[in-house]
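Below is work-v7.tsv, which holds TSV, C-alpha atoms.
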chain	number	residue	atom	x	y	z
A	1024	MET	CA	-38.12	6.10	4.19
A	1025	ILE	CA	-36.43	2.99	2.73
A	1026	ARG	CA	-35.97	4.74	-0.60
A	1027	TYR	CA	-34.20	7.68	1.11
A	1028	VAL	CA	-31.80	5.37	2.99
A	1029	MET	CA	-30.97	3.44	-0.17
A	1030	ALA	CA	-30.38	6.66	-2.14
A	1031	SER	CA	-28.12	8.10	0.55
A	1032	ARG	CA	-26.09	4.86	0.66
A	1033	ARG	CA	-25.52	5.03	-3.07
A	1034	ARG	CA	-24.27	8.62	-2.86
A	1035	ARG	CA	-21.88	7.97	0.01
A	1036	ARG	CA	-18.44	7.22	-1.34
A	1037	ARG	CA	-15.70	5.24	0.32
A	1038	PRO	CA	-12.80	7.33	1.66
A	1039	PRO	CA	-10.06	7.47	-1.04
A	1040	LEU	CA	-7.33	5.89	1.10
A	1041	GLU	CA	-9.63	3.00	2.07
A	1042	ASP	CA	-10.54	2.57	-1.60
A	1043	ALA	CA	-6.85	2.51	-2.58
A	1044	VAL	CA	-5.95	-0.05	0.08
A	1045	GLU	CA	-8.81	-2.34	-0.96
A	1046	HIS	CA	-7.69	-2.24	-4.61
A	1047	VAL	CA	-3.95	-2.69	-4.00
A	1048	VAL	CA	-4.40	-5.60	-1.59
A	1049	LYS	CA	-6.54	-7.40	-4.20
A	1050	ALA	CA	-4.34	-6.18	-7.11
A	1051	LEU	CA	-7.46	-4.95	-8.90
A	1052	ASP	CA	-7.90	-2.06	-11.30
A	1053	LYS	CA	-11.12	-0.08	-11.65
A	1054	THR	CA	-11.94	-1.60	-15.03
A	1055	ALA	CA	-15.57	-0.45	-14.84
A	1056	GLU	CA	-14.35	3.15	-14.47
A	1057	LEU	CA	-11.19	3.15	-16.62
A	1058	GLU	CA	-10.27	1.99	-20.09
A	1059	VAL	CA	-7.18	1.81	-22.27
A	1060	LYS	CA	-7.29	3.54	-25.64
A	1061	TYR	CA	-4.77	3.83	-28.42
A	1062	ILE	CA	-3.92	7.53	-28.85
A	1063	ASN	CA	-1.50	7.72	-31.80
A	1064	SER	CA	1.74	6.23	-33.09
A	1065	TYR	CA	3.82	8.73	-31.15
A	1066	LYS	CA	2.13	8.52	-27.73
A	1067	GLY	CA	0.87	4.93	-27.93
A	1068	ARG	CA	-1.77	3.90	-25.41
A	1069	GLY	CA	-3.26	5.82	-22.52
A	1070	VAL	CA	-5.78	5.34	-19.73
A	1071	PHE	CA	-9.11	7.18	-19.91
A	1072	ALA	CA	-11.92	7.75	-17.44
A	1073	LYS	CA	-15.21	5.99	-18.24
A	1074	SER	CA	-16.89	7.64	-15.26
A	1075	HIS	CA	-16.49	10.76	-13.13
A	1076	PHE	CA	-13.73	10.96	-10.50
A	1077	SER	CA	-13.93	13.65	-7.81
A	1078	LYS	CA	-10.94	15.59	-6.57
A	1079	GLY	CA	-9.05	13.39	-4.09
A	1080	ASP	CA	-10.43	10.06	-5.36
A	1081	PHE	CA	-8.17	7.04	-5.75
A	1082	VAL	CA	-7.86	6.37	-9.48
A	1083	VAL	CA	-5.35	3.57	-10.14
A	1084	GLU	CA	-2.29	1.80	-8.75
A	1085	TYR	CA	1.08	1.80	-10.49
A	1086	ARG	CA	1.50	-1.95	-10.13
A	1087	GLY	CA	4.65	-3.99	-10.69
A	1088	THR	CA	7.41	-5.77	-8.82
A	1089	LEU	CA	8.87	-4.02	-5.78
A	1090	ILE	CA	12.69	-4.15	-6.00
A	1091	ASN	CA	15.60	-2.46	-4.23
A	1092	LEU	CA	17.98	0.06	-5.77
A	1093	GLU	CA	20.67	-2.47	-6.63
A	1094	GLU	CA	18.23	-4.67	-8.55
A	1095	SER	CA	16.76	-1.59	-10.24
A	1096	ILE	CA	20.19	-0.53	-11.53
A	1097	LYS	CA	20.90	-4.07	-12.74
A	1098	ARG	CA	17.59	-4.31	-14.62
A	1099	LYS	CA	17.92	-0.84	-16.17
A	1100	ARG	CA	21.25	-1.93	-17.68
A	1101	THR	CA	19.66	-5.00	-19.31
A	1102	TYR	CA	16.30	-3.51	-20.36
A	1103	HIS	CA	15.69	-1.83	-23.68
A	1104	SER	CA	15.04	1.90	-23.18
A	1105	SER	CA	11.36	1.38	-24.08
A	1106	CYS	CA	11.01	-0.93	-21.05
A	1107	ALA	CA	13.15	1.09	-18.62
A	1108	VAL	CA	10.61	3.94	-18.67
A	1109	PHE	CA	8.21	1.65	-16.78
A	1110	MET	CA	10.50	1.61	-13.74
A	1111	PHE	CA	9.37	4.01	-11.01
A	1112	ASP	CA	11.99	4.91	-8.39
A	1113	PHE	CA	10.89	6.29	-5.01
A	1114	TYR	CA	12.20	6.84	-1.52
A	1115	TRP	CA	10.85	4.89	1.48
A	1116	LYS	CA	12.33	3.98	4.88
A	1117	GLU	CA	15.53	5.86	4.10
A	1118	LYS	CA	16.19	3.78	0.96
A	1119	THR	CA	15.52	4.04	-2.74
A	1120	TRP	CA	13.06	1.46	-4.06
A	1121	CYS	CA	11.58	0.80	-7.47
A	1122	ILE	CA	8.32	-0.50	-8.86
A	1123	ASP	CA	9.30	-2.38	-12.00
A	1124	ALA	CA	6.26	-2.37	-14.28
A	1125	ALA	CA	8.20	-3.19	-17.46
A	1126	GLN	CA	6.42	-6.53	-17.81
A	1127	GLU	CA	3.12	-6.22	-19.69
A	1128	ASP	CA	0.67	-7.65	-17.15
A	1129	GLY	CA	-2.67	-6.10	-18.08
A	1130	SER	CA	-2.57	-3.55	-15.26
A	1131	LEU	CA	-3.67	-0.04	-16.15
A	1132	GLY	CA	-1.41	2.17	-14.02
A	1133	ARG	CA	1.68	1.44	-16.09
A	1134	LEU	CA	-0.07	2.97	-19.13
A	1135	VAL	CA	-0.87	6.35	-17.56
A	1136	ASN	CA	0.95	9.04	-19.53
A	1137	ASP	CA	3.08	11.98	-18.42
A	1138	ASP	CA	1.73	15.52	-18.33
A	1139	HIS	CA	4.09	17.91	-16.58
A	1140	ARG	CA	1.98	20.99	-17.32
A	1141	HIS	CA	-1.61	20.07	-16.46
A	1142	PRO	CA	-1.78	16.62	-14.84
A	1143	ASN	CA	-5.09	15.51	-13.37
A	1144	CYS	CA	-3.57	13.01	-10.91
A	1145	LYS	CA	-0.76	12.88	-8.39
A	1146	MET	CA	1.30	9.85	-7.38
A	1147	LYS	CA	1.23	9.07	-3.66
A	1148	ARG	CA	2.78	6.28	-1.65
A	1149	VAL	CA	0.28	4.14	0.27
A	1150	ILE	CA	1.59	1.80	2.97
A	1151	THR	CA	-0.43	-1.25	3.87
A	1152	GLU	CA	0.61	-4.57	5.35
A	1153	ALA	CA	4.09	-3.01	5.87
A	1154	LYS	CA	4.59	-2.65	2.11
A	1155	PRO	CA	4.59	0.47	-0.11
A	1156	TYR	CA	2.27	0.85	-3.08
A	1157	LEU	CA	2.22	3.72	-5.57
A	1158	CYS	CA	-1.25	5.08	-6.27
A	1159	LEU	CA	-2.66	7.87	-8.38
A	1160	PHE	CA	-5.21	10.21	-6.80
A	1161	ALA	CA	-7.26	12.85	-8.64
A	1162	LEU	CA	-5.90	16.41	-8.30
A	1163	ARG	CA	-9.21	17.78	-9.57
A	1164	ASP	CA	-12.50	16.45	-10.87
A	1165	ILE	CA	-11.97	14.19	-13.90
A	1166	GLN	CA	-14.73	13.86	-16.48
A	1167	PRO	CA	-15.65	10.73	-18.48
A	1168	GLY	CA	-13.57	10.54	-21.66
A	1169	GLU	CA	-10.65	12.47	-20.15
A	1170	GLU	CA	-7.17	10.93	-20.28
A	1171	ILE	CA	-5.64	10.12	-16.87
A	1172	THR	CA	-2.21	11.79	-16.52
A	1173	TYR	CA	0.38	12.65	-13.90
A	1174	ASP	CA	3.68	14.52	-13.77
A	1175	TYR	CA	6.52	12.00	-13.98
A	1176	GLY	CA	8.77	14.55	-12.27
A	1177	GLY	CA	12.14	15.82	-13.38
A	1178	ASN	CA	12.63	17.49	-16.72
A	1179	ASP	CA	14.88	15.12	-18.63
A	1180	TRP	CA	12.23	12.90	-20.20
A	1181	PRO	CA	13.08	12.82	-23.92
A	1182	TRP	CA	9.46	12.81	-25.12
A	1183	ARG	CA	8.71	16.20	-23.53
A	1184	LYS	CA	10.76	18.00	-26.19
A	1185	GLN	CA	9.41	15.68	-28.86
A	1186	VAL	CA	5.80	16.32	-27.75
A	1187	CYS	CA	6.34	20.08	-28.13
A	1188	HIS	CA	7.73	19.58	-31.66
A	1189	TYR	CA	4.92	17.13	-32.50
A	1190	LEU	CA	2.22	19.54	-31.28
A	1191	LEU	CA	3.77	22.44	-33.20
A	1192	SER	CA	3.93	20.42	-36.42
A	1193	VAL	CA	0.32	19.27	-36.03
A	1194	SER	CA	-0.92	22.81	-35.33
A	1195	ASN	CA	0.99	24.16	-38.37
A	1196	VAL	CA	-0.78	21.65	-40.62
A	1197	ALA	CA	-4.26	22.76	-39.53

Have the structure of the file written as structure tokens, please.
Amino acid sequence: MIRYVMASRRRRRRPPLEDAVEHVVKALDKTAELEVKYINSYKGRGVFAKSHFSKGDFVVEYRGTLINLEESIKRKRTYHSSCAVFMFDFYWKEKTWCIDAAQEDGSLGRLVNDDHRHPNCKMKRVITEAKPYLCLFALRDIQPGEEITYDYGGNDWPWRKQVCHYLLSVSNVA
């Protein structure tokens, strides 16, 4: 009887929203379940699953400094273009806000790459303690070894055209 109770406790998972809130409040990443790997000179680093994530699971927070639109515009003018891509604008309480993750701080969410065709995660706003947080949740089951990706939105990201050219040139070599 005790063995059955213990086994059922292990299988029961925390609700995804509760899991997200716990992680964002503590500013913790799931380092036992995620890892950063270097991909190539073009793409740089990415975040990969070390364990299985089920559809709907909280995966990682896009962590940085919460700033208003005016500050976001000011920083984007001063940042190098390679840093400005780490600024995530979103709408909340009838205003535009930004998570500025340009500063390398060891957090994993800022390293999740774009995939506008077949992303495995979706960005969602989570509100706790009257503050917004941006969190990635699994769109489908994610297997160990799989890169974590989401659709950055829009279609004007310069690397999307470059990725197509890069993939074509690599496939022509093979």

Original post:
Hey, can you check how far CA of Asp1128 (chain A) sits from CA of Pro1167 (chain A)?
Top reply: 24.6 Å

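You can rank A:Val1048, A:Ile1090, A:Leu1040, A:Leu1057 by their closest distance to Leu1134 (chain A) using only C-alpha atoms, and at the top of that list sits A:Leu1057.
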
Subject >> Computed interatomic separation between CA of Glu1169 (chain A) and CA of Phe1113 (chain A) (Å) >> reply: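 Going from CA of Glu1169 (chain A) over to CA of Phe1113 (chain A), I get 27.0 Å.
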
Original post:
Any idea what's packed within 12 Å of Val1135 (chain A), counting all atoms listed in the file, ignoring anything in its chain fewer than 6 positions away? Could you give it as JSON, numbers by chain?
Top reply: {"A": [1057, 1058, 1059, 1060, 1061, 1062, 1066, 1067, 1068, 1069, 1070, 1071, 1072, 1082, 1083, 1084, 1085, 1086, 1108, 1109, 1124, 1142, 1143, 1144, 1145, 1146, 1158, 1159, 1169, 1170, 1171, 1172, 1173, 1174, 1175]}

Original post:
Hey, can you check how far CA of Pro1038 (chain A) sits from CA of Ser1130 (chain A)?
Top reply: 22.6 Å

Original post:
Between A:Asp1123, A:Glu1041, A:Glu1094, A:Asp1052, which is the closest to Met1110 (chain A) once you count only C-alpha atoms?
Top reply: A:Asp1123

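Each of A:Gly1176, A:Gly1087, A:Pro1039, A:Gly1129 was checked against Thr1054 (chain A) using all atoms listed in the file; the smallest atom-to-atom distance is that of A:Gly1129.
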
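Counting all atoms listed in the file, the residue from A:Trp1115, A:Ala1153, A:Ser1077, A:Leu1051 that sits nearest to Arg1037 (chain A) is A:Ser1077.
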
Starting from 4 Å padding per side, set up an axis-aligned box that covers all listed atoms of region 1082-1096 of chain A and hand over centre and edge lengths in Å, one decimal, as AutoDock Vina command-line options.
--center_x 6.4 --center_y 0.3 --center_z -7.9 --size_x 36.5 --size_y 20.1 --size_z 15.3

**OP:** For each of A:Asp1138, A:Leu1157, A:Asp1042, A:Glu1152, take the minimum atom-to-atom distance to Asp1080 (chain A), counting all atoms listed in the file, then give the residue where this is smallest.
**Re:**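 Ranked by minimum distance to Asp1080 (chain A), first place goes to A:Asp1042.
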